[in-house]
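Engineer: Next up, protein-v2.pdb (PDB, C-alpha atoms (C1' of nucleotides)).
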ATOM      1  CA  MET J 625     -49.994 -46.037  31.641
ATOM      2  CA  ASP J 626     -48.923 -43.413  29.149
ATOM      3  CA  THR J 627     -51.960 -41.621  27.798
ATOM      4  CA  SER J 628     -50.057 -39.800  25.061
ATOM      5  CA  ILE J 629     -49.925 -41.263  21.598
ATOM      6  CA  SER J 630     -47.120 -43.739  21.803
ATOM      7  CA  ARG J 631     -46.367 -46.365  19.264
ATOM      8  CA  SER J 632     -43.670 -48.942  19.201
ATOM      9  CA  LEU J 633     -40.748 -48.105  16.980
ATOM     10  CA  ALA J 634     -38.316 -50.342  15.204
ATOM     11  CA  PRO J 635     -35.012 -50.333  17.102
ATOM     12  CA  ARG J 636     -32.585 -47.732  15.836
ATOM     13  CA  GLU J 637     -29.801 -50.296  15.450
ATOM     14  CA  HIS J 638     -31.916 -52.510  13.335
ATOM     15  CA  VAL J 639     -32.942 -49.692  11.004
ATOM     16  CA  VAL J 640     -29.368 -48.481  10.612
ATOM     17  CA  THR J 641     -28.254 -51.969   9.635
ATOM     18  CA  LEU J 642     -31.146 -52.310   7.231
ATOM     19  CA  LEU J 643     -30.374 -49.041   5.469
ATOM     20  CA  GLU J 644     -26.686 -49.796   5.209
ATOM     21  CA  ARG J 645     -27.387 -53.195   3.803
ATOM     22  CA  HIS J 646     -29.334 -51.500   1.033
ATOM     23  CA  GLY J 647     -26.640 -48.938   0.324
ATOM     24  CA  VAL J 648     -28.557 -46.066   1.876
ATOM     25  CA  THR J 649     -26.656 -43.599   4.053
ATOM     26  CA  ALA J 650     -28.181 -43.822   7.510
ATOM     27  CA  THR J 651     -28.853 -40.186   8.256
ATOM     28  CA  GLN J 652     -30.812 -38.953  11.228
ATOM     29  CA  GLN J 653     -34.051 -38.374   9.321
ATOM     30  CA  ARG J 654     -33.939 -41.558   7.308
ATOM     31  CA  VAL J 655     -33.466 -43.599  10.423
ATOM     32  CA  GLU J 656     -36.420 -41.911  12.077
ATOM     33  CA  VAL J 657     -38.611 -42.551   9.054
ATOM     34  CA  GLY J 658     -37.384 -46.139   9.114
ATOM     35  CA  GLN J 659     -38.169 -46.547  12.795
ATOM     36  CA  VAL J 660     -41.762 -45.540  12.130
ATOM     37  CA  LEU J 661     -42.131 -47.474   8.912
ATOM     38  CA  PHE J 662     -40.499 -50.718   9.954
ATOM     39  CA  ALA J 663     -42.175 -50.860  13.357
ATOM     40  CA  CYS J 664     -44.633 -53.498  12.191
ATOM     41  CA  PRO J 665     -46.419 -54.682   9.050
ATOM     42  CA  GLN J 666     -48.617 -51.764   8.077
ATOM     43  CA  HIS J 667     -49.647 -49.458   5.255
ATOM     44  CA  LEU J 668     -48.948 -45.789   5.798
ATOM     45  CA  SER J 669     -49.312 -42.731   3.619
ATOM     46  CA  ALA J 670     -46.595 -40.092   3.411
ATOM     47  CA  ASP J 671     -48.697 -37.850   5.629
ATOM     48  CA  GLN J 672     -49.217 -40.491   8.266
ATOM     49  CA  ILE J 673     -45.507 -41.147   8.345
ATOM     50  CA  LEU J 674     -44.774 -37.445   8.705
ATOM     51  CA  GLU J 675     -47.257 -37.249  11.582
ATOM     52  CA  ARG J 676     -45.745 -40.159  13.403
ATOM     53  CA  VAL J 677     -42.212 -38.974  12.903
ATOM     54  CA  MET J 678     -43.208 -35.606  14.331
ATOM     55  CA  ALA J 679     -44.980 -37.380  17.177
ATOM     56  CA  ILE J 680     -41.752 -38.950  18.330
ATOM     57  CA  GLY J 681     -40.232 -35.505  18.548
ATOM     58  CA  ALA J 682     -38.132 -35.649  15.419
ATOM     59  CA  ARG J 683     -38.261 -32.799  12.938
ATOM     60  CA  VAL J 684     -38.363 -33.837   9.315
ATOM     61  CA  SER J 685     -39.714 -31.797   6.459
ATOM     62  CA  LYS J 686     -42.354 -33.036   4.108
ATOM     63  CA  ALA J 687     -39.913 -32.906   1.202
ATOM     64  CA  THR J 688     -37.529 -35.177   3.044
ATOM     65  CA  ILE J 689     -40.330 -37.608   3.790
ATOM     66  CA  TYR J 690     -41.071 -37.896   0.103
ATOM     67  CA  ASN J 691     -37.412 -38.043  -0.885
ATOM     68  CA  THR J 692     -36.775 -40.714   1.693
ATOM     69  CA  LEU J 693     -39.775 -42.821   0.762
ATOM     70  CA  ASN J 694     -38.904 -42.664  -2.905
ATOM     71  CA  LEU J 695     -35.347 -43.646  -2.106
ATOM     72  CA  PHE J 696     -36.496 -46.537   0.086
ATOM     73  CA  SER J 697     -38.785 -47.668  -2.669
ATOM     74  CA  GLU J 698     -36.042 -47.569  -5.320
ATOM     75  CA  ARG J 699     -33.709 -49.501  -3.094
ATOM     76  CA  GLY J 700     -36.297 -52.111  -2.291
ATOM     77  CA  LEU J 701     -36.744 -51.238   1.380
ATOM     78  CA  VAL J 702     -40.452 -50.638   1.011
ATOM     79  CA  ARG J 703     -43.090 -51.406  -1.539
ATOM     80  CA  THR J 704     -45.201 -48.565  -2.843
ATOM     81  CA  LEU J 705     -48.891 -49.331  -3.142
ATOM     82  CA  THR J 706     -51.348 -47.426  -5.253
ATOM     83  CA  ILE J 707     -54.872 -48.550  -4.698
ATOM     84  CA  ASP J 708     -57.146 -45.656  -5.301
ATOM     85  CA  GLY J 709     -55.814 -42.607  -7.063
ATOM     86  CA  ASP J 710     -55.679 -40.356  -4.058
ATOM     87  CA  ARG J 711     -52.461 -41.303  -2.462
ATOM     88  CA  GLN J 712     -49.726 -43.835  -2.184
ATOM     89  CA  PHE J 713     -49.183 -46.191   0.691
ATOM     90  CA  TYR J 714     -45.854 -47.535   1.778
ATOM     91  CA  ASP J 715     -45.632 -51.160   2.783
ATOM     92  CA  PRO J 716     -42.633 -52.321   4.804
ATOM     93  CA  THR J 717     -43.306 -55.909   3.820
ATOM     94  CA  THR J 718     -41.309 -56.460   0.657
ATOM     95  CA  THR J 719     -41.641 -60.198   0.363
ATOM     96  CA  PRO J 720     -44.340 -61.331  -2.091
ATOM     97  CA  HIS J 721     -47.827 -60.964  -0.707
ATOM     98  CA  HIS J 722     -51.211 -59.562  -1.675
ATOM     99  CA  HIS J 723     -53.874 -57.268  -0.250
ATOM    100  CA  PHE J 724     -57.436 -56.929   0.823
ATOM    101  CA  TYR J 725     -58.734 -53.439   0.196
ATOM    102  CA  ASN J 726     -61.893 -52.309   1.942
ATOM    103  CA  VAL J 727     -63.530 -49.928  -0.510
ATOM    104  CA  ASP J 728     -65.695 -48.444   2.232
ATOM    105  CA  THR J 729     -63.031 -47.693   4.815
ATOM    106  CA  GLY J 730     -59.905 -47.575   2.666
ATOM    107  CA  GLU J 731     -58.322 -50.128   4.956
ATOM    108  CA  LEU J 732     -55.581 -52.374   3.608
ATOM    109  CA  THR J 733     -54.809 -55.848   4.959
ATOM    110  CA  ASP J 734     -52.000 -58.172   3.985
ATOM    111  CA  ILE J 735     -52.619 -61.567   2.455
ATOM    112  CA  PRO J 736     -49.746 -64.043   2.626
ATOM    113  CA  ALA J 737     -48.556 -65.069  -0.827
ATOM    114  CA  ASP J 738     -49.418 -68.704  -0.239
ATOM    115  CA  ALA J 739     -53.031 -67.898   0.659
ATOM    116  CA  VAL J 740     -53.743 -67.160  -2.994
ATOM    117  CA  ALA J 741     -53.259 -69.971  -5.445
ATOM    118  CA  LEU J 742     -52.298 -68.403  -8.741
ATOM    119  CA  SER J 743     -51.859 -71.119 -11.282
ATOM    120  CA  ALA J 744     -51.288 -70.769 -14.981
ATOM    121  CA  LEU J 745     -50.115 -67.182 -15.296
ATOM    122  CA  PRO J 746     -50.576 -65.980 -18.849
ATOM    123  CA  THR J 747     -47.543 -65.366 -21.057
ATOM    124  CA  PRO J 748     -46.458 -61.725 -20.907
ATOM    125  CA  PRO J 749     -46.722 -59.604 -24.072
ATOM    126  CA  ALA J 750     -43.860 -60.037 -26.544
ATOM    127  CA  GLY J 751     -40.686 -58.297 -25.437
ATOM    128  CA  THR J 752     -41.611 -58.234 -21.783
ATOM    129  CA  ALA J 753     -40.942 -60.395 -18.743
ATOM    130  CA  HIS J 754     -42.799 -60.910 -15.499
ATOM    131  CA  GLU J 755     -41.730 -58.619 -12.735
ATOM    132  CA  ARG J 756     -44.324 -59.093 -10.034
ATOM    133  CA  VAL J 757     -47.935 -60.133  -9.608
ATOM    134  CA  ASP J 758     -50.237 -58.054  -7.450
ATOM    135  CA  VAL J 759     -53.573 -59.377  -6.359
ATOM    136  CA  ILE J 760     -55.950 -56.903  -4.807
ATOM    137  CA  ILE J 761     -59.155 -58.293  -3.375
ATOM    138  CA  ARG J 762     -61.649 -55.490  -3.017
ATOM    139  CA  VAL J 763     -64.095 -56.043  -0.191
ATOM    140  CA  ARG J 764     -66.907 -53.953   1.206
ATOM    141  CA  SER J 765     -68.234 -53.718   4.730
ATOM    142  CA  THR J 766     -71.344 -55.777   5.375
TER     143      THR J 766
ATOM    144  CA  MET H 477     -56.111 -41.533 -47.414
ATOM    145  CA  ASP H 478     -56.897 -39.121 -44.657
ATOM    146  CA  THR H 479     -53.697 -37.851 -43.100
ATOM    147  CA  SER H 480     -55.388 -36.229 -40.127
ATOM    148  CA  ILE H 481     -55.695 -38.074 -36.871
ATOM    149  CA  SER H 482     -58.778 -40.155 -37.314
ATOM    150  CA  ARG H 483     -59.870 -42.921 -35.040
ATOM    151  CA  SER H 484     -62.867 -45.108 -35.186
ATOM    152  CA  LEU H 485     -65.688 -44.118 -32.896
ATOM    153  CA  ALA H 486     -68.406 -46.160 -31.330
ATOM    154  CA  PRO H 487     -71.668 -45.522 -33.242
ATOM    155  CA  ARG H 488     -73.733 -42.742 -31.725
ATOM    156  CA  GLU H 489     -76.846 -44.919 -31.584
ATOM    157  CA  HIS H 490     -75.068 -47.590 -29.683
ATOM    158  CA  VAL H 491     -73.687 -45.167 -27.097
ATOM    159  CA  VAL H 492     -77.069 -43.517 -26.584
ATOM    160  CA  THR H 493     -78.663 -46.896 -25.946
ATOM    161  CA  LEU H 494     -75.878 -47.863 -23.580
ATOM    162  CA  LEU H 495     -76.233 -44.690 -21.530
ATOM    163  CA  GLU H 496     -79.987 -44.957 -21.330
ATOM    164  CA  ARG H 497     -79.775 -48.547 -20.257
ATOM    165  CA  HIS H 498     -77.650 -47.386 -17.319
ATOM    166  CA  GLY H 499     -79.980 -44.569 -16.380
ATOM    167  CA  VAL H 500     -77.667 -41.853 -17.664
ATOM    168  CA  THR H 501     -79.170 -38.968 -19.591
ATOM    169  CA  ALA H 502     -77.659 -39.078 -23.059
ATOM    170  CA  THR H 503     -76.479 -35.512 -23.459
ATOM    171  CA  GLN H 504     -74.334 -34.289 -26.311
ATOM    172  CA  GLN H 505     -71.071 -34.324 -24.347
ATOM    173  CA  ARG H 506     -71.641 -37.645 -22.649
ATOM    174  CA  VAL H 507     -72.358 -39.302 -25.954
ATOM    175  CA  GLU H 508     -69.171 -37.869 -27.434
ATOM    176  CA  VAL H 509     -67.132 -39.080 -24.492
ATOM    177  CA  GLY H 510     -68.815 -42.446 -24.882
ATOM    178  CA  GLN H 511     -68.074 -42.624 -28.582
ATOM    179  CA  VAL H 512     -64.387 -42.178 -27.839
ATOM    180  CA  LEU H 513     -64.318 -44.433 -24.814
ATOM    181  CA  PHE H 514     -66.372 -47.314 -26.147
ATOM    182  CA  ALA H 515     -64.719 -47.371 -29.552
ATOM    183  CA  CYS H 516     -62.637 -50.405 -28.642
ATOM    184  CA  PRO H 517     -61.078 -52.115 -25.626
ATOM    185  CA  GLN H 518     -58.488 -49.634 -24.392
ATOM    186  CA  HIS H 519     -57.190 -47.763 -21.378
ATOM    187  CA  LEU H 520     -57.375 -43.998 -21.586
ATOM    188  CA  SER H 521     -56.634 -41.233 -19.115
ATOM    189  CA  ALA H 522     -58.969 -38.288 -18.659
ATOM    190  CA  ASP H 523     -56.561 -36.147 -20.656
ATOM    191  CA  GLN H 524     -56.368 -38.577 -23.531
ATOM    192  CA  ILE H 525     -60.139 -38.714 -23.668
ATOM    193  CA  LEU H 526     -60.349 -34.934 -23.694
ATOM    194  CA  GLU H 527     -57.815 -34.810 -26.522
ATOM    195  CA  ARG H 528     -59.703 -37.308 -28.620
ATOM    196  CA  VAL H 529     -63.043 -35.696 -28.004
ATOM    197  CA  MET H 530     -61.572 -32.378 -29.104
ATOM    198  CA  ALA H 531     -60.029 -34.112 -32.112
ATOM    199  CA  ILE H 532     -63.434 -35.107 -33.424
ATOM    200  CA  GLY H 533     -64.461 -31.483 -33.321
ATOM    201  CA  ALA H 534     -66.581 -31.622 -30.187
ATOM    202  CA  ARG H 535     -66.101 -29.061 -27.466
ATOM    203  CA  VAL H 536     -66.198 -30.419 -23.947
ATOM    204  CA  SER H 537     -64.622 -28.870 -20.901
ATOM    205  CA  LYS H 538     -62.187 -30.664 -18.666
ATOM    206  CA  ALA H 539     -64.646 -30.492 -15.762
ATOM    207  CA  THR H 540     -67.276 -32.226 -17.825
ATOM    208  CA  ILE H 541     -64.829 -34.935 -18.793
ATOM    209  CA  TYR H 542     -64.181 -35.674 -15.142
ATOM    210  CA  ASN H 543     -67.835 -35.405 -14.164
ATOM    211  CA  THR H 544     -68.788 -37.719 -16.984
ATOM    212  CA  LEU H 545     -66.124 -40.293 -16.258
ATOM    213  CA  ASN H 546     -66.998 -40.350 -12.593
ATOM    214  CA  LEU H 547     -70.645 -40.769 -13.465
ATOM    215  CA  PHE H 548     -69.892 -43.566 -15.931
ATOM    216  CA  SER H 549     -67.810 -45.242 -13.292
ATOM    217  CA  GLU H 550     -70.535 -45.041 -10.628
ATOM    218  CA  ARG H 551     -73.085 -46.414 -13.038
ATOM    219  CA  GLY H 552     -70.850 -49.267 -14.075
ATOM    220  CA  LEU H 553     -70.272 -48.105 -17.634
ATOM    221  CA  VAL H 554     -66.515 -48.056 -17.227
ATOM    222  CA  ARG H 555     -64.041 -49.399 -14.781
ATOM    223  CA  THR H 556     -61.564 -47.011 -13.222
ATOM    224  CA  LEU H 557     -58.020 -48.300 -13.005
ATOM    225  CA  THR H 558     -55.338 -46.930 -10.757
ATOM    226  CA  ILE H 559     -52.003 -48.493 -11.415
ATOM    227  CA  ASP H 560     -49.323 -46.019 -10.562
ATOM    228  CA  GLY H 561     -50.250 -42.979  -8.550
ATOM    229  CA  ASP H 562     -50.021 -40.487 -11.359
ATOM    230  CA  ARG H 563     -53.363 -40.840 -12.944
ATOM    231  CA  GLN H 564     -56.414 -42.922 -13.445
ATOM    232  CA  PHE H 565     -57.246 -44.892 -16.522
ATOM    233  CA  TYR H 566     -60.720 -45.668 -17.719
ATOM    234  CA  ASP H 567     -61.422 -49.120 -19.063
ATOM    235  CA  PRO H 568     -64.545 -49.665 -21.168
ATOM    236  CA  THR H 569     -64.390 -53.388 -20.524
ATOM    237  CA  THR H 570     -66.464 -53.937 -17.406
ATOM    238  CA  THR H 571     -66.629 -57.706 -17.456
ATOM    239  CA  PRO H 572     -64.138 -59.391 -15.103
ATOM    240  CA  HIS H 573     -60.613 -59.394 -16.460
ATOM    241  CA  HIS H 574     -57.090 -58.558 -15.383
ATOM    242  CA  HIS H 575     -54.137 -56.530 -16.621
ATOM    243  CA  PHE H 576     -50.547 -56.589 -17.666
ATOM    244  CA  TYR H 577     -48.784 -53.389 -16.738
ATOM    245  CA  ASN H 578     -45.490 -52.554 -18.383
ATOM    246  CA  VAL H 579     -43.560 -50.640 -15.745
ATOM    247  CA  ASP H 580     -41.182 -49.230 -18.356
ATOM    248  CA  THR H 581     -43.687 -47.911 -20.848
ATOM    249  CA  GLY H 582     -46.790 -47.552 -18.686
ATOM    250  CA  GLU H 583     -48.703 -49.658 -21.182
ATOM    251  CA  LEU H 584     -51.735 -51.613 -20.024
ATOM    252  CA  THR H 585     -52.967 -54.796 -21.668
ATOM    253  CA  ASP H 586     -56.083 -56.782 -20.895
ATOM    254  CA  ILE H 587     -55.938 -60.368 -19.680
ATOM    255  CA  PRO H 588     -59.142 -62.401 -20.068
ATOM    256  CA  ALA H 589     -60.461 -63.535 -16.702
ATOM    257  CA  ASP H 590     -60.112 -67.185 -17.609
ATOM    258  CA  ALA H 591     -56.422 -66.834 -18.446
ATOM    259  CA  VAL H 592     -55.643 -66.500 -14.759
ATOM    260  CA  ALA H 593     -56.515 -69.437 -12.562
ATOM    261  CA  LEU H 594     -57.289 -68.049  -9.129
ATOM    262  CA  SER H 595     -58.104 -70.871  -6.838
ATOM    263  CA  ALA H 596     -58.629 -70.782  -3.123
ATOM    264  CA  LEU H 597     -59.305 -67.118  -2.473
ATOM    265  CA  PRO H 598     -58.699 -66.297   1.174
ATOM    266  CA  THR H 599     -61.618 -65.461   3.439
ATOM    267  CA  PRO H 600     -62.220 -61.708   3.620
ATOM    268  CA  PRO H 601     -61.673 -59.928   6.956
ATOM    269  CA  ALA H 602     -64.568 -60.188   9.406
ATOM    270  CA  GLY H 603     -67.480 -57.956   8.490
ATOM    271  CA  THR H 604     -66.541 -57.690   4.842
ATOM    272  CA  ALA H 605     -67.495 -59.439   1.646
ATOM    273  CA  HIS H 606     -65.706 -59.925  -1.652
ATOM    274  CA  GLU H 607     -66.427 -57.283  -4.208
ATOM    275  CA  ARG H 608     -63.908 -57.860  -6.970
ATOM    276  CA  VAL H 609     -60.492 -59.348  -7.498
ATOM    277  CA  ASP H 610     -57.894 -57.445  -9.494
ATOM    278  CA  VAL H 611     -54.774 -59.115 -10.698
ATOM    279  CA  ILE H 612     -52.061 -56.874 -12.052
ATOM    280  CA  ILE H 613     -49.079 -58.550 -13.600
ATOM    281  CA  ARG H 614     -46.209 -56.106 -13.736
ATOM    282  CA  VAL H 615     -43.856 -56.745 -16.610
ATOM    283  CA  ARG H 616     -40.755 -54.939 -17.831
ATOM    284  CA  SER H 617     -39.384 -54.568 -21.321
ATOM    285  CA  THR H 618     -36.573 -56.974 -22.160
TER     286      THR H 618
ATOM    287  C1'  DT I 894     -90.813 -24.583 -17.425
ATOM    288  C1'  DT I 895     -88.176 -27.072 -14.067
ATOM    289  C1'  DC I 896     -84.375 -29.709 -13.193
ATOM    290  C1'  DT I 897     -80.050 -31.312 -14.618
ATOM    291  C1'  DA I 898     -75.683 -30.631 -17.306
ATOM    292  C1'  DT I 899     -71.952 -27.728 -18.769
ATOM    293  C1'  DG I 900     -68.158 -24.361 -18.802
ATOM    294  C1'  DC I 901     -64.859 -21.674 -16.701
ATOM    295  C1'  DA I 902     -61.843 -20.624 -13.420
ATOM    296  C1'  DA I 903     -60.480 -21.122  -8.912
ATOM    297  C1'  DA I 904     -59.550 -24.190  -5.250
ATOM    298  C1'  DG I 905     -57.619 -28.474  -3.420
ATOM    299  C1'  DA I 906     -54.789 -32.635  -2.486
ATOM    300  C1'  DC I 907     -50.651 -34.820  -3.204
ATOM    301  C1'  DT I 908     -45.995 -34.820  -4.849
ATOM    302  C1'  DT I 909     -41.770 -32.853  -6.866
ATOM    303  C1'  DT I 910     -38.220 -29.346  -7.517
ATOM    304  C1'  DG I 911     -34.691 -25.523  -6.786
ATOM    305  C1'  DC I 912     -31.543 -23.580  -4.070
ATOM    306  C1'  DA I 913     -29.101 -22.320   0.040
ATOM    307  C1'  DT I 914     -27.521 -24.405   4.362
ATOM    308  C1'  DG I 915     -25.979 -28.301   7.171
ATOM    309  C1'  DC I 916     -24.344 -32.802   8.018
ATOM    310  C1'  DT I 917     -21.608 -37.176   6.563
ATOM    311  C1'  DG I 918     -17.352 -39.485   5.661
TER     312       DG I 918
ATOM    313  C1'  DC L1349     -13.092 -30.468   2.609
ATOM    314  C1'  DA L1350     -16.168 -32.566  -1.035
ATOM    315  C1'  DG L1351     -20.487 -34.303  -1.682
ATOM    316  C1'  DC L1352     -24.770 -35.753  -0.441
ATOM    317  C1'  DA L1353     -28.971 -34.678   2.572
ATOM    318  C1'  DT L1354     -32.284 -31.424   4.323
ATOM    319  C1'  DG L1355     -35.615 -27.635   4.759
ATOM    320  C1'  DC L1356     -38.497 -24.381   2.971
ATOM    321  C1'  DA L1357     -41.360 -22.637  -0.202
ATOM    322  C1'  DA L1358     -42.699 -22.463  -4.738
ATOM    323  C1'  DA L1359     -44.140 -24.962  -8.707
ATOM    324  C1'  DG L1360     -46.533 -28.881 -10.951
ATOM    325  C1'  DT L1361     -50.189 -32.522 -11.841
ATOM    326  C1'  DC L1362     -54.280 -34.315 -11.633
ATOM    327  C1'  DT L1363     -58.926 -33.773  -9.973
ATOM    328  C1'  DT L1364     -62.886 -31.465  -7.751
ATOM    329  C1'  DT L1365     -65.891 -27.573  -6.735
ATOM    330  C1'  DG L1366     -68.871 -23.246  -7.094
ATOM    331  C1'  DC L1367     -71.683 -20.664  -9.590
ATOM    332  C1'  DA L1368     -73.850 -18.684 -13.603
ATOM    333  C1'  DT L1369     -75.546 -20.140 -18.145
ATOM    334  C1'  DA L1370     -77.366 -23.453 -21.435
ATOM    335  C1'  DG L1371     -79.745 -27.644 -22.485
ATOM    336  C1'  DA L1372     -83.031 -31.767 -21.672
ATOM    337  C1'  DA L1373     -87.739 -33.692 -20.618
TER     338       DA L1373
END
Translate this structure into structure tokens?
Structural biologist:
Amino acid sequence: MDTSISRSLAPREHVVTLLERHGVTATQQRVEVGQVLFACPQHLSADQILERVMAIGARVSKATIYNTLNLFSERGLVRTLTIDGDRQFYDPTTTPHHHFYNVDTGELTDIPADAVALSALPTPPAGTAHERVDVIIRVRST
Amino acid sequence: MDTSISRSLAPREHVVTLLERHGVTATQQRVEVGQVLFACPQHLSADQILERVMAIGARVSKATIYNTLNLFSERGLVRTLTIDGDRQFYDPTTTPHHHFYNVDTGELTDIPADAVALSALPTPPAGTAHERVDVIIRVRST
DNA sequence: TTCTATGCAAAGACTTTGCATGCTG
DNA sequence: CAGCATGCAAAGTCTTTGCATAGAA
């Protein structure tokens, strides 16, 4: 088998459709970022995405990575996660769900929304309305 | 009344005792940071703390602010919050509780632990154990 | 005195911005 | 062709680090 670093990519077609459906012009670089990002449920940093995009032979600048990720985030194509202060992670899963965060390894794992029973949410402060609930379960290696 | 910026401070005695109880040497600067931080339940950034410490006439360098906050955090005197990626907030309330986060204003508000009913927490990934659960309810201004 | 804390400035990590060039429609 | 996207490098933020000096026990 192939000994080089090869990862599955989301099909080009699929990414193009996805971008268009969100009103994002499907340029070369954005599609490549999308192919990496939407390959599977995962949590990648901007740097990791840049690496992987480079690894598939595409050339995208760091600035474009950030521009693209911010655009995707605004348009609801990805969810931006901030767990520790160091860096942001981009999560292709945009449907409601939560996360395990391993404080020792930094690893993030998805938790399906229905695995956490959140009853009786408190009333938001006056003049505000619920937008989203994030549950982060910090775990440590045993 | 006093027109200058004056805020209540935690009593010096109280802060000294608190630090000692956590095995932290109660130096001049640490006590001043503590007086600002432990004045009331709040969420301050490193910069805001520096500002307020300066405002009470104490002179503390930025490096010491960060060193002190990191130390306090390690020793469990404060809880470090990372909400958006921009900066960290330090929360003097270390008992379990959750937060409202206003995505428009950046404002953080405490939620008592018992105001959120979290039943049926999922099992942590193999080889890990629960450490803490954070619930962040994002709200937007209406 | 002996070890730890502090200050200052420089270094570092991550992210954003400005501007000229290139691609999209 | 008009306008948005991209690349590059520089600028910006927040935070950490190194080293000499000052303070605590």
Engineer: Contacts from chain I to chain J, 10 Å maximum, all atoms listed in the file: show me the residue list as JSON, numbers by chain.
Structural biologist: {"I": [906, 907, 908, 909, 910, 916, 917]}
Engineer: Up to 6 Å from chain J, what residues of chain H turn up? Count all atoms listed in the file and give them as a list in words.
Structural biologist: Thr558, Asp560, Gly561, Ala591, Val592, Ala593, Leu594, Ser595, Ala596, Leu597, Pro598, Gly603, Thr604, Ala605, His606, Glu607, Arg608, Val609, Asp610, Val611, Ile612, Ile613, Arg614, Val615, Arg616, Ser617 and Thr618 of chain H
Engineer: Set up a box along x, y and z of the file covering all listed atoms of region 894-901 of chain I, add 3 Å on every one of the six sides, and write the centre and edge lengths in Å to one decimal, as AutoDock Vina command-line options.
Structural biologist:
--center_x -77.8 --center_y -26.5 --center_z -16.0 --size_x 32.0 --size_y 15.6 --size_z 11.6
Engineer: Output the contact residues of chain L with respect to chain H at a cut-off of 9 Å, based on all atoms listed in the file, as a ChimeraX atom specification.
Structural biologist: /L:1361-1364,1371-1372
Engineer: Measure the distance from CA of Arg488 (chain H) to CA of Thr571 (chain H) in Å and round it to one decimal.
Structural biologist: 21.9 Å
Engineer: Quick check on the file I pasted: which residues fall under the PyMOL selection byres ((chain J and resi 661) around 12)? Write them as an MDAnalysis selection string.
Structural biologist: chainID J and resid 631:636 639 654:660 662:670 672:677 689 692:693 696 701:703 713:717
Engineer: May I have the residues from that selection written out with C-alpha atoms, as an mmCIF file, keeping the file's coordinate frame?
Structural biologist:
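And here is the file that came out, again-v1.cif:
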data_model
loop_
_atom_site.group_PDB
_atom_site.id
_atom_site.type_symbol
_atom_site.label_atom_id
_atom_site.label_comp_id
_atom_site.auth_asym_id
_atom_site.auth_seq_id
_atom_site.Cartn_x
_atom_site.Cartn_y
_atom_site.Cartn_z
ATOM 1 C CA ARG J 631 -46.367 -46.365 19.264
ATOM 2 C CA SER J 632 -43.670 -48.942 19.201
ATOM 3 C CA LEU J 633 -40.748 -48.105 16.980
ATOM 4 C CA ALA J 634 -38.316 -50.342 15.204
ATOM 5 C CA PRO J 635 -35.012 -50.333 17.102
ATOM 6 C CA ARG J 636 -32.585 -47.732 15.836
ATOM 7 C CA VAL J 639 -32.942 -49.692 11.004
ATOM 8 C CA ARG J 654 -33.939 -41.558 7.308
ATOM 9 C CA VAL J 655 -33.466 -43.599 10.423
ATOM 10 C CA GLU J 656 -36.420 -41.911 12.077
ATOM 11 C CA VAL J 657 -38.611 -42.551 9.054
ATOM 12 C CA GLY J 658 -37.384 -46.139 9.114
ATOM 13 C CA GLN J 659 -38.169 -46.547 12.795
ATOM 14 C CA VAL J 660 -41.762 -45.540 12.130
ATOM 15 C CA PHE J 662 -40.499 -50.718 9.954
ATOM 16 C CA ALA J 663 -42.175 -50.860 13.357
ATOM 17 C CA CYS J 664 -44.633 -53.498 12.191
ATOM 18 C CA PRO J 665 -46.419 -54.682 9.050
ATOM 19 C CA GLN J 666 -48.617 -51.764 8.077
ATOM 20 C CA HIS J 667 -49.647 -49.458 5.255
ATOM 21 C CA LEU J 668 -48.948 -45.789 5.798
ATOM 22 C CA SER J 669 -49.312 -42.731 3.619
ATOM 23 C CA ALA J 670 -46.595 -40.092 3.411
ATOM 24 C CA GLN J 672 -49.217 -40.491 8.266
ATOM 25 C CA ILE J 673 -45.507 -41.147 8.345
ATOM 26 C CA LEU J 674 -44.774 -37.445 8.705
ATOM 27 C CA GLU J 675 -47.257 -37.249 11.582
ATOM 28 C CA ARG J 676 -45.745 -40.159 13.403
ATOM 29 C CA VAL J 677 -42.212 -38.974 12.903
ATOM 30 C CA ILE J 689 -40.330 -37.608 3.790
ATOM 31 C CA THR J 692 -36.775 -40.714 1.693
ATOM 32 C CA LEU J 693 -39.775 -42.821 0.762
ATOM 33 C CA PHE J 696 -36.496 -46.537 0.086
ATOM 34 C CA LEU J 701 -36.744 -51.238 1.380
ATOM 35 C CA VAL J 702 -40.452 -50.638 1.011
ATOM 36 C CA ARG J 703 -43.090 -51.406 -1.539
ATOM 37 C CA PHE J 713 -49.183 -46.191 0.691
ATOM 38 C CA TYR J 714 -45.854 -47.535 1.778
ATOM 39 C CA ASP J 715 -45.632 -51.160 2.783
ATOM 40 C CA PRO J 716 -42.633 -52.321 4.804
ATOM 41 C CA THR J 717 -43.306 -55.909 3.820
#
Engineer: What residues come out when you apply the PyMOL selection byres ((chain I and resi 913) around 12) to this file, written as a PyMOL selection string?
Structural biologist: (chain I and resi 911-912+914-915) or (chain L and resi 1354-1356)
